[in-house]
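**Student:** My questions all concern the structure below.
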Amino acid sequence: MLSEEIGHPNFNEEAERLAFTKKYIDIVIQASESDEASFKENLREQLEGMELNDSSLSYMSMLTNANLLRRTIDEVKKLKKFANKPYFARIDFLRNETNQEERLYIGKLSLFDKETQQPIVVDWRSPVANLYYDGRLGDVSYEAEGEQYDGFLSLKRQYIIEDGDLKEIRDIDLTTNDELLQLSLSESSNNRLSEIVATIQEEQNEIIRADLNRPIIVQGAAGSGKTTIALHRLSYFIYTYAEHFRPEQLMILAPNRLFIDYISEVLPELGVENILQTTFIDYVKACIKKNIKMTHPEDKLISFIHHELENPERAKMISEFKGSLQFRDILDNYLQDILKTLLPKEDFYVAHFKLYSAKKLRYLMVHEYKYLPYYQRIDKIKRVLQNHVRFKKKAMIEKITSFYDQKLDKGLAHKGDPEKRKQYISKVLDKKQEGLAQIQKQLRTAVTSYIKQLPKHDVFYYYHQLVTNEALFTRYAKGVIKDEDIHFFCQYQQHLYEKKTYELEDLAALLYMQGKIFGIDKELRVKNVVIDEAQDYSYFQLEALKTVLETDMFTIVGDLAQGIHSYRGIKDWHIVQEQIFTRASFKTLQKSYRTTIEIMQLANQVQQLLNMNLPVVEPVVRHSPKPSFFMTNTKKNDIQTISKMIAAFYKEGMKTVAVIGKTNKECKKIAKLFQQYSDIHVQLLKENEEINSNNVVVVSSHLAKGLEFDAVILYAIDEVYQMEELDIKLLYVSMTRPLHRLILFGPNLSAFLLDKIDPQYIHIT
């Protein structure tokens, strides 16, 4: 095929380069999986009749360098995975110090010719690849291992490769407006993530490659790529510190199990495997090593949405208080008193030998071992006493032996009645034997008996003692919360205790106390943590994690505008930065890559109703029809109209469609209406349930968070959105789910708060 027909003058040359790279990978895999003799024979057969161009990477050199081609099992696994698409971009960089131009192909793996030490493919995470993401054509520089390298970037090129064939080439400069990004964003929702590494934008790249030795907090708008950026940062960390960190030392805390299933498919694409992926609830259970009977984490939210609570303000107060740093301070004071109950009160004796004073043991517990959890300090004391007993054992036995031997000598030297002397000596020998047996027994049991005197309870006992005992709790909480709130709080906790149940809000305190009193197992003490949907965490949850893990190396991403759990969650990132992660950098992502300008303009109007001073979200330049509002008619007519719209979406090439109702109750009605009046199959989505891509999804507003669809229809039958914080956030979440189309069906404009916003952003039918 002529290059002119393809539309790029270098198409044939680039197609040959791709063919060479694929062939090279194939040969490397063969060399790694076969013995040398059979490898050479197979290679000769493959090369017969091929026209080999004159290249420093000639195939013929491979015949004589089979050993140099061999790779490890893990490397071969990666080569197989990316063999059909070994790279996605190229840069041409003239390095000043060498005055030689380097032609670098960038992909998801690193592949070097071990003979020439020339890169065939450069890993996207390598320092020089930063020029592709951040560099503009012209004079540029990058840093690697503390050194700055200057030069001239003459070319940035992107490739579209499908099933091993080169389809298209684009030469680019400004990545924010490049055509490949537009193409990626225009795809359906189930095709986008796998290729995001090729379209990482400058502001995203800045966060991915931000200082890995400091924590980072990211406030990211809906659709800004928070999750994918966090995962790419984790991948970059693993690449950069491969020699210092094992993957098992890293953890992703996900909002639910469905999310874990989703990212478990994505992570291997990023070279991230064997890391701990869990939810906060499951992590706490693993740390405490006991199952914890929980109220459903969403129950309280649903009660707020449905206005089912008698005293919602009190319920919010309790949730917010249990997630506060003030509650942590109360626990710190309580923990100090727990420590006092664990301090030895009596000197340590073996028989009548005093081996350690209680005062000295208390000093060790309070000062020398303060870096350890309480019961680990006791274990340390136990080992100290055991070692001391072993050290003193011989001297104690000798002392007892010497004492009775002196008595024997005295008896033997006695000149009196032989019978009495005999009885005396016999008695002394019995006493000696008894004394030695007694001390031998005490040497074995004294330490254990001494340690058993100290109280031992589990973390649940200590927690209940505090939160269900009003007199005790008042001692620590007086002045922190109101007296009437203390009474209500303890009653509330007593009610939970009677049901042997815990709320999600209790877990921060339980984890914190577990860490302080008992510690957590070594395999759970990871060194680097990624938290997604962090706006739904409380301040105390973050503090508890940081405390038990003894690290502040966290990547925290979230969006306060989507904080539908704000009654228990974070309201201000500054508190996180100033009081918990004081070394953290703070970044914002204002650009949305998910949805179109027209949809985002409407969602921005809703976001402004929150009065949270959050930055206006900037959609990437991609257009769609303006969101449309339809007045509801009869339920039958509504469903028939919606069904026609859905059919039209599918004809346009859209693959995922969702109908979002405000509540679960509303969604059940919607699903039933589809069964009655439409041939379209719908899936009423439940929590943690996998989405069936063949069905239209009916999902409640709170479950829609974190999901995305090609087209979204908001449908209000009986449940409308009111002018209050939670409803505004639920509406904002719902409006920011679609990639391409947004339709609203309701009894009137106020059902979606459209009467409160500028009418130019909505098309009213």
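Residues in the structure tokens are numbered from 1 in each chain, the chains being A, B, ... in the order shown, and ligands are numbered from 1 in the order shown.
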What's the 10 Å shell around Leu276 of chain A, counting only C-alpha atoms, without same-chain residues fewer than 4 positions away, as number ranges by chain?

**Tutor:** A: 247-253, 283, 523-524, 526, 529

**Student:** Would you please give, as number ranges by chain, all residues of segment 398-575 of chain A that DSSP assigns to alpha helix (DSSP H) based on the backbone?

**Tutor:** A: 398-412, 418-452, 459-467, 470-477, 483-498, 504-517, 539-549, 573-575

**Student:** Quick one: residues within 7 Å of Lys322 of chain A, only C-alpha atoms counted, chain neighbours fewer than 3 positions away excluded, as a CSV table (one decimal) with C-alpha atoms, in the first residue's frame?

**Tutor:**
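And here's result-v4.csv as it stands now:
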chain,number,residue,atom,x,y,z
A,318,ILE,CA,-23.0,11.1,65.9
A,319,SER,CA,-21.6,10.1,62.5
A,327,PHE,CA,-12.9,11.7,69.0
A,505,GLU,CA,-18.2,5.0,61.6
A,506,ASP,CA,-17.0,2.9,64.5

**Student:** For each of A:Arg594, A:Lys360, A:Lys522, A:Arg741, take the minimum atom-to-atom distance to Ala648 of chain A, counting only C-alpha atoms, then give the residue where this is smallest.

**Tutor:**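 Of A:Arg594, A:Lys360, A:Lys522, A:Arg741, the one nearest Ala648 of chain A, counting only C-alpha atoms, is A:Arg741.
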
**Student:** Mind listing the strand (DSSP E) residues of segment 411-657 of chain A, per DSSP on the backbone, as a list in words?

**Tutor:**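 Taking segment 411-657 of chain A and keeping strand (DSSP E) gives Asn528, Val529, Val530, Ile531, Phe554, Thr555, Ile556, Val557, Gly558, Ser585, Phe586, Lys587, Thr588, Leu589, Lys591, Ser592, Glu618, Pro619, Ser628, Phe629, Phe630, Met631 and Val657 of chain A.
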
**Student:** Using only C-alpha atoms, which protein or nucleic acid residues come within 12 Å of Leu609 of chain A? Drop anything in the same chain fewer than 4 positions from it, and give the result as an mmCIF file with N, CA and C atoms, in the first residue's frame.

**Tutor:**
data_model
loop_
_atom_site.group_PDB
_atom_site.id
_atom_site.type_symbol
_atom_site.label_atom_id
_atom_site.label_comp_id
_atom_site.auth_asym_id
_atom_site.auth_seq_id
_atom_site.Cartn_x
_atom_site.Cartn_y
_atom_site.Cartn_z
ATOM 1 N N ALA A 561 -17.517 17.606 45.719
ATOM 2 C CA ALA A 561 -18.839 17.830 45.115
ATOM 3 C C ALA A 561 -19.639 16.542 45.039
ATOM 4 N N LEU A 602 -24.257 22.211 32.296
ATOM 5 C CA LEU A 602 -25.442 22.027 33.132
ATOM 6 C C LEU A 602 -25.049 21.511 34.515
ATOM 7 N N ALA A 603 -24.154 20.529 34.557
ATOM 8 C CA ALA A 603 -23.716 19.979 35.846
ATOM 9 C C ALA A 603 -23.011 21.041 36.682
ATOM 10 N N ASN A 604 -22.234 21.921 36.042
ATOM 11 C CA ASN A 604 -21.568 23.010 36.767
ATOM 12 C C ASN A 604 -22.581 23.944 37.422
ATOM 13 N N GLN A 605 -23.688 24.179 36.732
ATOM 14 C CA GLN A 605 -24.738 25.015 37.305
ATOM 15 C C GLN A 605 -25.276 24.385 38.595
ATOM 16 N N ASN A 613 -17.451 26.673 47.089
ATOM 17 C CA ASN A 613 -16.273 27.334 46.516
ATOM 18 C C ASN A 613 -15.353 26.359 45.781
ATOM 19 N N LEU A 614 -15.953 25.359 45.164
ATOM 20 C CA LEU A 614 -15.163 24.430 44.357
ATOM 21 C C LEU A 614 -14.976 25.021 42.969
ATOM 22 N N VAL A 616 -14.909 25.609 39.028
ATOM 23 C CA VAL A 616 -15.794 25.186 37.937
ATOM 24 C C VAL A 616 -15.067 24.148 37.098
ATOM 25 N N GLN A 722 -34.450 17.922 46.067
ATOM 26 C CA GLN A 722 -34.797 19.132 46.803
ATOM 27 C C GLN A 722 -33.567 20.019 46.992
ATOM 28 N N MET A 723 -33.803 21.253 47.380
ATOM 29 C CA MET A 723 -32.726 22.236 47.517
ATOM 30 C C MET A 723 -32.016 22.059 48.859
ATOM 31 N N GLU A 724 -31.327 20.906 49.004
ATOM 32 C CA GLU A 724 -30.519 20.646 50.189
ATOM 33 C C GLU A 724 -29.251 19.916 49.752
ATOM 34 N N GLU A 725 -28.235 19.982 50.591
ATOM 35 C CA GLU A 725 -26.896 19.556 50.176
ATOM 36 C C GLU A 725 -26.852 18.143 49.607
ATOM 37 N N LEU A 726 -27.433 17.179 50.312
ATOM 38 C CA LEU A 726 -27.345 15.796 49.866
ATOM 39 C C LEU A 726 -28.014 15.606 48.505
ATOM 40 N N ASP A 727 -29.198 16.196 48.325
ATOM 41 C CA ASP A 727 -29.910 16.046 47.053
ATOM 42 C C ASP A 727 -29.144 16.702 45.906
ATOM 43 N N ILE A 728 -28.554 17.854 46.164
ATOM 44 C CA ILE A 728 -27.774 18.543 45.119
ATOM 45 C C ILE A 728 -26.592 17.675 44.693
ATOM 46 N N LYS A 729 -25.926 17.066 45.655
ATOM 47 C CA LYS A 729 -24.780 16.206 45.335
ATOM 48 C C LYS A 729 -25.215 14.960 44.565
ATOM 49 N N LEU A 731 -27.788 14.748 42.621
ATOM 50 C CA LEU A 731 -28.137 15.207 41.277
ATOM 51 C C LEU A 731 -26.867 15.455 40.459
ATOM 52 N N TYR A 732 -25.869 16.069 41.081
ATOM 53 C CA TYR A 732 -24.597 16.342 40.391
ATOM 54 C C TYR A 732 -23.918 15.030 39.974
ATOM 55 N N LEU A 753 -34.178 20.641 40.035
ATOM 56 C CA LEU A 753 -33.666 21.955 40.436
ATOM 57 C C LEU A 753 -33.330 22.836 39.232
ATOM 58 N N LEU A 754 -33.942 22.535 38.089
ATOM 59 C CA LEU A 754 -33.650 23.300 36.874
ATOM 60 C C LEU A 754 -34.249 24.701 36.938
ATOM 61 N N ASP A 755 -35.188 24.901 37.851
ATOM 62 C CA ASP A 755 -35.752 26.239 38.037
ATOM 63 C C ASP A 755 -34.787 27.166 38.760
ATOM 64 N N LYS A 756 -33.693 26.598 39.306
ATOM 65 C CA LYS A 756 -32.718 27.392 40.073
ATOM 66 C C LYS A 756 -31.494 27.765 39.231
ATOM 67 N N ILE A 757 -31.469 27.330 37.962
ATOM 68 C CA ILE A 757 -30.269 27.546 37.162
ATOM 69 C C ILE A 757 -30.597 28.313 35.885
ATOM 70 N N ASP A 758 -29.553 28.755 35.221
ATOM 71 C CA ASP A 758 -29.696 29.508 33.975
ATOM 72 C C ASP A 758 -30.344 28.611 32.908
#

**Student:** In terms of the shortest atom-to-atom distance over only C-alpha atoms, which of A:Ile717, A:Ile639, A:Leu372, A:Ile281 is closest to Arg257 of chain A?

**Tutor:** A:Ile281

**Student:** Write out as a list of chain:residue names each polymer residue whose atoms come within 7 Å of Arg737 of chain A, counting only C-alpha atoms; drop sequence neighbours fewer than 4 positions from it.

**Tutor:** A:Leu707, A:Glu708, A:Phe709, A:Val712, A:Val733

**Student:** Export, as a PDB file, in the first residue's frame, the selected residues with N, CA, C and O atoms.

**Tutor:**
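Written file, result-v5.pdb:
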ATOM      1  N   LEU A 707     -19.581   5.259  38.379  1.00  0.00           N
ATOM      2  CA  LEU A 707     -19.887   4.579  37.114  1.00  0.00           C
ATOM      3  C   LEU A 707     -19.948   5.591  35.975  1.00  0.00           C
ATOM      4  O   LEU A 707     -20.064   6.796  36.205  1.00  0.00           O
ATOM      5  N   GLU A 708     -19.864   5.109  34.741  1.00  0.00           N
ATOM      6  CA  GLU A 708     -20.066   5.985  33.592  1.00  0.00           C
ATOM      7  C   GLU A 708     -20.744   5.200  32.474  1.00  0.00           C
ATOM      8  O   GLU A 708     -20.594   3.981  32.367  1.00  0.00           O
ATOM      9  N   PHE A 709     -21.515   5.935  31.666  1.00  0.00           N
ATOM     10  CA  PHE A 709     -22.292   5.325  30.590  1.00  0.00           C
ATOM     11  C   PHE A 709     -22.230   6.244  29.370  1.00  0.00           C
ATOM     12  O   PHE A 709     -21.965   7.445  29.487  1.00  0.00           O
ATOM     13  N   VAL A 712     -27.266   8.754  29.466  1.00  0.00           N
ATOM     14  CA  VAL A 712     -27.959   8.663  30.762  1.00  0.00           C
ATOM     15  C   VAL A 712     -29.297   9.391  30.652  1.00  0.00           C
ATOM     16  O   VAL A 712     -29.382  10.496  30.097  1.00  0.00           O
ATOM     17  N   VAL A 733     -23.915  14.063  40.887  1.00  0.00           N
ATOM     18  CA  VAL A 733     -23.344  12.748  40.562  1.00  0.00           C
ATOM     19  C   VAL A 733     -24.056  12.158  39.357  1.00  0.00           C
ATOM     20  O   VAL A 733     -23.431  11.668  38.411  1.00  0.00           O
TER      21      VAL A 733
END

**Student:** Can you tell me, as a PyMOL selection string, what residues are no more than 9 Å from segment 511-517 of chain A when counting only C-alpha atoms, ignoring any on the same chain fewer than 2 positions away?

**Tutor:** chain A and resi 284-285+287-288+328+331-332+335+338-339+372-376+458-459+462-463+506-509+519-520+540-541+543-545+547-549

**Student:** To one decimal place in Å, what is the distance between atom CA of Ala286 of chain A and atom CA of Pro455 of chain A?

**Tutor:**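 Interatomic distance here is 23.9 Å.
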
**Student:** Pick out the residues sitting within 7 Å of His232 of chain A, and hand them over as an MDAnalysis selection string; count only C-alpha atoms, and ignore anything fewer than 4 positions along from it in its own chain.

**Tutor:** chainID A and resid 208 228 236 270

**Student:** Using only C-alpha atoms for the distances, tell me which of A:Ser700, A:Gln494, A:Thr551, A:Gln453 is nearest to Leu466 of chain A.

**Tutor:**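 The closest residue to Leu466 of chain A is A:Gln494.
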
**Student:** Name the closest residue to Phe237 of chain A among the candidates A:Ile680, A:Gly563, A:Val28, A:Ser126; distances are taken between atoms, counting only C-alpha atoms.

**Tutor:**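 Ranked by minimum distance to Phe237 of chain A, first place goes to A:Ser126.
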
**Student:** Identify which of the residues A:Ile160, A:Ile660, A:Ile381, A:Leu429 lies closest to Tyr404 of chain A, counting only C-alpha atoms when measuring atom-to-atom distances.

**Tutor:**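 Using only C-alpha atoms, the shortest distance to Tyr404 of chain A belongs to A:Leu429.
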